[in-house]
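Asker: So here's input.tsv (TSV, C-alpha atoms).
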chain	number	residue	atom	x	y	z
A	64	MET	CA	-0.74	18.16	-15.96
A	65	ASN	CA	-4.05	18.07	-14.10
A	66	LEU	CA	-4.77	18.41	-10.37
A	67	PRO	CA	-5.20	14.67	-9.70
A	68	SER	CA	-1.75	14.01	-11.20
A	69	LEU	CA	-0.25	16.83	-9.12
A	70	ILE	CA	-1.77	15.27	-6.01
A	71	THR	CA	-0.19	11.94	-6.96
A	72	TRP	CA	3.16	13.71	-7.31
A	73	THR	CA	2.81	15.00	-3.73
A	74	ARG	CA	2.74	11.36	-2.61
A	75	VAL	CA	5.94	10.70	-4.55
A	76	ILE	CA	7.56	13.77	-2.96
A	77	ALA	CA	6.39	12.63	0.48
A	78	ILE	CA	8.54	9.49	0.20
A	79	PRO	CA	11.97	11.15	0.56
A	80	VAL	CA	10.50	13.48	3.19
A	81	PHE	CA	9.28	10.41	5.12
A	82	ILE	CA	12.73	8.81	4.83
A	83	LEU	CA	14.45	11.98	6.03
A	84	CYS	CA	12.06	12.31	8.98
A	85	TYR	CA	12.61	8.65	9.85
A	86	PHE	CA	16.38	9.05	10.09
A	87	LEU	CA	16.32	12.38	11.94
A	88	ASP	CA	16.35	11.96	15.69
A	89	THR	CA	13.66	14.41	16.70
A	90	PRO	CA	11.13	14.49	19.50
A	91	ASN	CA	7.72	13.15	18.52
A	92	LYS	CA	9.18	11.51	15.42
A	93	ASN	CA	6.47	8.84	15.50
A	94	ILE	CA	3.74	11.50	15.39
A	95	VAL	CA	5.41	13.28	12.46
A	96	LEU	CA	5.82	10.00	10.55
A	97	THR	CA	2.23	9.00	11.31
A	98	LEU	CA	0.80	12.32	10.12
A	99	LEU	CA	2.97	12.31	7.01
A	100	PHE	CA	1.95	8.74	6.16
A	101	MET	CA	-1.73	9.49	6.81
A	102	ALA	CA	-1.64	12.60	4.61
A	103	ALA	CA	0.10	10.71	1.81
A	104	SER	CA	-2.37	7.82	2.16
A	105	LEU	CA	-5.30	10.21	1.85
A	106	THR	CA	-3.87	11.56	-1.41
A	107	ASP	CA	-4.09	7.99	-2.75
A	108	TRP	CA	-7.85	8.14	-2.34
A	109	LEU	CA	-8.20	11.84	-3.29
A	110	ASP	CA	-6.34	11.77	-6.61
A	111	GLY	CA	-8.36	8.81	-7.88
A	112	TYR	CA	-11.64	10.31	-6.68
A	113	LEU	CA	-10.97	13.66	-8.36
A	114	ALA	CA	-9.68	12.07	-11.57
A	115	ARG	CA	-12.89	10.07	-11.93
A	116	LYS	CA	-15.22	12.86	-10.78
A	117	TRP	CA	-13.68	15.47	-13.09
A	118	ASN	CA	-13.04	12.98	-15.90
A	119	GLN	CA	-9.32	13.75	-15.74
A	120	THR	CA	-7.96	10.23	-15.81
A	121	SER	CA	-4.76	9.80	-17.80
A	122	SER	CA	-2.44	6.99	-18.75
A	123	PHE	CA	0.36	8.74	-16.84
A	124	GLY	CA	-1.83	8.99	-13.73
A	125	ALA	CA	-2.80	5.33	-14.10
A	126	PHE	CA	0.91	4.50	-14.14
A	127	LEU	CA	2.10	6.87	-11.40
A	128	ASP	CA	-0.67	6.27	-8.84
A	129	PRO	CA	0.05	2.59	-8.07
A	130	VAL	CA	3.82	3.18	-8.23
A	131	ALA	CA	3.59	6.02	-5.69
A	132	ASP	CA	1.33	3.91	-3.48
A	133	LYS	CA	3.59	0.86	-3.55
A	134	LEU	CA	6.76	2.88	-2.95
A	135	LEU	CA	5.20	4.71	-0.01
A	136	VAL	CA	3.97	1.47	1.55
A	137	ALA	CA	7.29	-0.33	0.97
A	138	VAL	CA	9.30	2.50	2.53
A	139	ALA	CA	6.99	2.65	5.56
A	140	LEU	CA	7.04	-1.13	6.01
A	141	ILE	CA	10.84	-1.22	5.80
A	142	ALA	CA	11.02	1.59	8.38
A	143	ILE	CA	8.79	-0.46	10.68
A	144	ILE	CA	11.09	-3.47	10.34
A	145	ASP	CA	14.18	-1.32	10.87
A	146	HIS	CA	12.64	0.13	14.02
A	147	ASP	CA	11.67	-3.25	15.47
A	148	PRO	CA	13.71	-5.97	13.69
A	149	HIS	CA	13.24	-8.68	16.32
A	150	LYS	CA	9.60	-9.47	15.61
A	151	TRP	CA	9.64	-12.26	13.04
A	152	TYR	CA	5.94	-11.89	12.22
A	153	LEU	CA	6.48	-8.25	11.22
A	154	THR	CA	9.37	-9.24	8.98
A	155	LEU	CA	7.41	-12.11	7.44
A	156	SER	CA	4.38	-9.89	6.79
A	157	VAL	CA	6.54	-7.24	5.15
A	158	MET	CA	8.26	-9.84	2.96
A	159	ILE	CA	4.91	-11.27	1.85
A	160	ILE	CA	3.38	-7.86	1.13
A	161	ILE	CA	6.35	-6.54	-0.86
A	162	CYS	CA	6.76	-9.78	-2.83
A	163	ARG	CA	3.04	-9.82	-3.66
A	164	GLU	CA	3.14	-6.21	-4.85
A	165	ILE	CA	6.06	-6.90	-7.18
A	166	THR	CA	4.43	-10.10	-8.48
A	167	ILE	CA	1.02	-8.55	-9.14
A	168	SER	CA	2.53	-5.43	-10.73
A	169	ALA	CA	4.51	-7.60	-13.12
A	170	LEU	CA	1.44	-9.77	-13.75
A	171	ARG	CA	-0.67	-6.70	-14.56
A	172	GLU	CA	1.95	-5.46	-16.99
A	173	TRP	CA	2.19	-8.86	-18.66
A	174	MET	CA	-1.58	-9.26	-18.94
A	175	ALA	CA	-1.91	-5.72	-20.33
A	176	SER	CA	0.68	-6.54	-23.00
A	177	MET	CA	-1.54	-9.49	-23.98
A	178	GLY	CA	-4.65	-7.29	-24.12
A	179	GLU	CA	-6.06	-8.86	-20.95
A	180	ARG	CA	-5.76	-5.95	-18.51
A	181	GLY	CA	-9.16	-6.67	-16.93
A	182	VAL	CA	-8.03	-10.10	-15.70
A	183	VAL	CA	-6.02	-8.49	-12.91
A	184	ALA	CA	-8.17	-5.43	-12.25
A	185	VAL	CA	-8.34	-4.32	-8.63
A	186	SER	CA	-10.84	-6.44	-6.70
A	187	TRP	CA	-12.72	-5.83	-3.48
A	188	ILE	CA	-10.18	-8.03	-1.70
A	189	GLY	CA	-7.42	-5.76	-2.95
A	190	LYS	CA	-9.29	-2.70	-1.67
A	191	TRP	CA	-9.75	-4.27	1.78
A	192	LYS	CA	-6.09	-5.32	1.79
A	193	THR	CA	-5.07	-1.75	1.11
A	194	ALA	CA	-7.36	-0.36	3.83
A	195	PHE	CA	-6.04	-2.78	6.46
A	196	GLN	CA	-2.48	-2.20	5.31
A	197	MET	CA	-2.76	1.59	5.54
A	198	GLY	CA	-4.42	1.34	8.95
A	199	ALA	CA	-1.77	-1.09	10.17
A	200	ILE	CA	1.11	1.09	9.08
A	201	THR	CA	-0.49	4.19	10.59
A	202	PHE	CA	-1.09	2.53	13.97
A	203	ILE	CA	2.32	0.83	14.09
A	204	LEU	CA	4.10	4.08	13.23
A	205	TYR	CA	2.21	5.90	15.99
A	206	GLU	CA	3.27	3.22	18.50
A	207	LYS	CA	1.40	4.67	21.47
A	208	SER	CA	-2.02	4.15	22.96
A	209	LEU	CA	-4.70	6.69	22.20
A	210	LEU	CA	-7.74	7.06	24.45
A	211	GLY	CA	-6.76	3.77	26.08
A	212	ILE	CA	-6.64	1.92	22.74
A	213	PRO	CA	-3.29	0.12	22.22
A	214	LEU	CA	-2.81	1.28	18.62
A	215	TYR	CA	0.48	-0.56	18.12
A	216	GLU	CA	-1.16	-3.88	18.95
A	217	VAL	CA	-4.19	-3.01	16.80
A	218	GLY	CA	-1.74	-2.18	14.01
A	219	ILE	CA	-0.09	-5.59	14.35
A	220	LEU	CA	-3.51	-7.25	14.15
A	221	PHE	CA	-4.39	-5.16	11.08
A	222	LEU	CA	-1.06	-6.09	9.48
A	223	ILE	CA	-1.79	-9.79	9.99
A	224	VAL	CA	-5.24	-9.32	8.41
A	225	ALA	CA	-3.64	-7.35	5.55
A	226	THR	CA	-1.12	-10.16	5.05
A	227	VAL	CA	-3.88	-12.78	4.83
A	228	LEU	CA	-5.79	-10.59	2.36
A	229	THR	CA	-2.54	-10.04	0.45
A	230	LEU	CA	-2.09	-13.79	-0.01
A	231	TRP	CA	-5.78	-14.31	-0.80
A	232	SER	CA	-5.80	-11.60	-3.47
A	233	MET	CA	-2.55	-12.86	-4.99
A	234	ILE	CA	-3.95	-16.37	-5.26
A	235	GLN	CA	-7.13	-14.95	-6.80
A	236	TYR	CA	-5.16	-12.92	-9.39
A	237	LEU	CA	-2.90	-15.86	-10.25
A	238	TYR	CA	-5.92	-18.15	-10.64
A	239	SER	CA	-7.67	-15.63	-12.92
A	240	THR	CA	-4.52	-15.34	-15.00
A	241	TRP	CA	-4.14	-19.12	-15.17
A	242	LYS	CA	-7.70	-19.47	-16.49
A	243	VAL	CA	-6.93	-17.02	-19.32
A	244	LEU	CA	-3.57	-18.59	-20.16
A	245	ARG	CA	-5.03	-22.11	-20.21
A	246	VAL	CA	-7.42	-21.11	-22.98
A	247	ARG	CA	-4.68	-19.51	-25.13
Would you put the structure from the file into structure tokens?

Answerer:
Amino acid sequence: MNLPSLITWTRVIAIPVFILCYFLDTPNKNIVLTLLFMAASLTDWLDGYLARKWNQTSSFGAFLDPVADKLLVAVALIAIIDHDPHKWYLTLSVMIIICREITISALREWMASMGERGVVAVSWIGKWKTAFQMGAITFILYEKSLLGIPLYEVGILFLIVATVLTLWSMIQYLYSTWKVLRVR
């Protein structure tokens, strides 16, 4: 196992740690959760960067990386909803994001089985969606203002942007898939 794969595993291990920290009633819990999520999010970038730079990509890493990312995001989004269940727009955004992730993961697997993996390759919209999503979760978890900036409200705005990008990218992937399937 190479270093990029080990870094990916740290993200997987961070998930139960995040869950445990969420349910423990400790002072500064939001800071701990924010730092843990930020560190895990950075490993998402770092493992891919190192794998490409050192030419250590692997089929196992290609499988584990998106799974770890999606599980981490889903757990954090569910924690956000659990913490503040009365905001319908949070719940709706989380439902859309999780449903899109399941749909596109299944679509990627299906297209790969047909030899058409490139049809649903990550696009720039998907990268922006991920960036806004990670920022949103970080700011919402933190909850407080920092240097006069209302991070919770900025996080909500980022989550709405991430939700729009989530829908846009899903429509784009489904359209690309439809074009391939129409020809077959």

Asker: Pick out the closest residue to A:Ala139 from this set: A:Ser104, A:Thr89, A:Ser168, A:Thr120. Count all atoms listed in the file.

Answerer: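 Comparing A:Ser104, A:Thr89, A:Ser168, A:Thr120 against A:Ala139, the winner is A:Ser104.
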
Asker: Measure the distance from atom CA of A:Met64 to atom CA of A:Leu127 in Å and round it to one decimal.

Answerer: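 If I compute the distance from atom CA of A:Met64 to atom CA of A:Leu127, I get 12.5 Å.
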
Asker: Find, counting all atoms listed in the file, the residue in A:Leu170, A:Ile203, A:Ala131, A:Met197 that gets nearest to A:Thr240.

Answerer: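 Looking at the shortest contact to A:Thr240, the residue is A:Leu170.
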
Asker: Which is closest to A:Tyr215 among A:Gln119, A:Ser176, A:Thr97, A:Gln235, if we use only C-alpha atoms?

Answerer: A:Thr97

Asker: What does the distance between atom CA of A:Tyr238 and atom CA of A:Arg163 come to in Å, to one decimal place?

Answerer: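 Interatomic distance here is 14.1 Å.
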
Asker: Give the answer as one residue: which of A:Arg74, A:Leu153, A:Leu244, A:Ile94 has the shortest atom-to-atom distance to A:Trp108, using all atoms listed in the file?

Answerer: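 Going through A:Arg74, A:Leu153, A:Leu244, A:Ile94 one by one, the smallest distance to A:Trp108 is for A:Arg74.
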
Asker: Once 5 Å is added on each side, what centre and edge lengths in Å to one decimal does the axis-aligned box around all listed atoms of stretch 156-160 of chain A have, as JSON?

Answerer:
{"center_x": 5.8, "center_y": -9.3, "center_z": 4.0, "size_x": 14.9, "size_y": 14.0, "size_z": 15.7}

Asker: Of the residues A:Ala103, A:Ile167, A:Leu83, A:Val136, which is the one nearest to A:Ile234, using only C-alpha atoms?

Answerer: A:Ile167

Asker: Can you measure atom CA of A:Ile159 to atom CA of A:Leu230 for me? One decimal in Å is fine.

Answerer: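 Rounded to one decimal, the two atoms are 7.7 Å apart.
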
Asker: Skipping near chain neighbours, those fewer than 6 positions away, what residues fall within 7 Å of stretch 184-194 of chain A using all atoms listed in the file, listed as a PyMOL selection string?

Answerer: chain A and resi 225+228-229+232

Asker: Which is closest to A:Phe126 among A:Lys92, A:Leu113, A:Arg171, A:Glu164, if we use all atoms listed in the file?

Answerer: A:Arg171

Asker: Do you know which residues are at most 10 Å from A:Leu204 counting only C-alpha atoms, after dropping those on the same chain fewer than 6 positions away, and could you put them as a list in words?

Answerer: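 Residues near the query, excluding close chain neighbours: Lys92, Asn93, Ile94, Val95, Leu96, Thr97, Leu98, Phe100, Ala139, Leu140, Ala142, Ile143, His146, Gly198, Leu214, Tyr215 and Gly218 of chain A.
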
Asker: Residues within 9 Å of A:Ala137, please, as a PyMOL selection string. Count only C-alpha atoms; anything in the same chain fewer than 5 positions from it doesn't count.

Answerer: chain A and resi 132+142+157+160-161
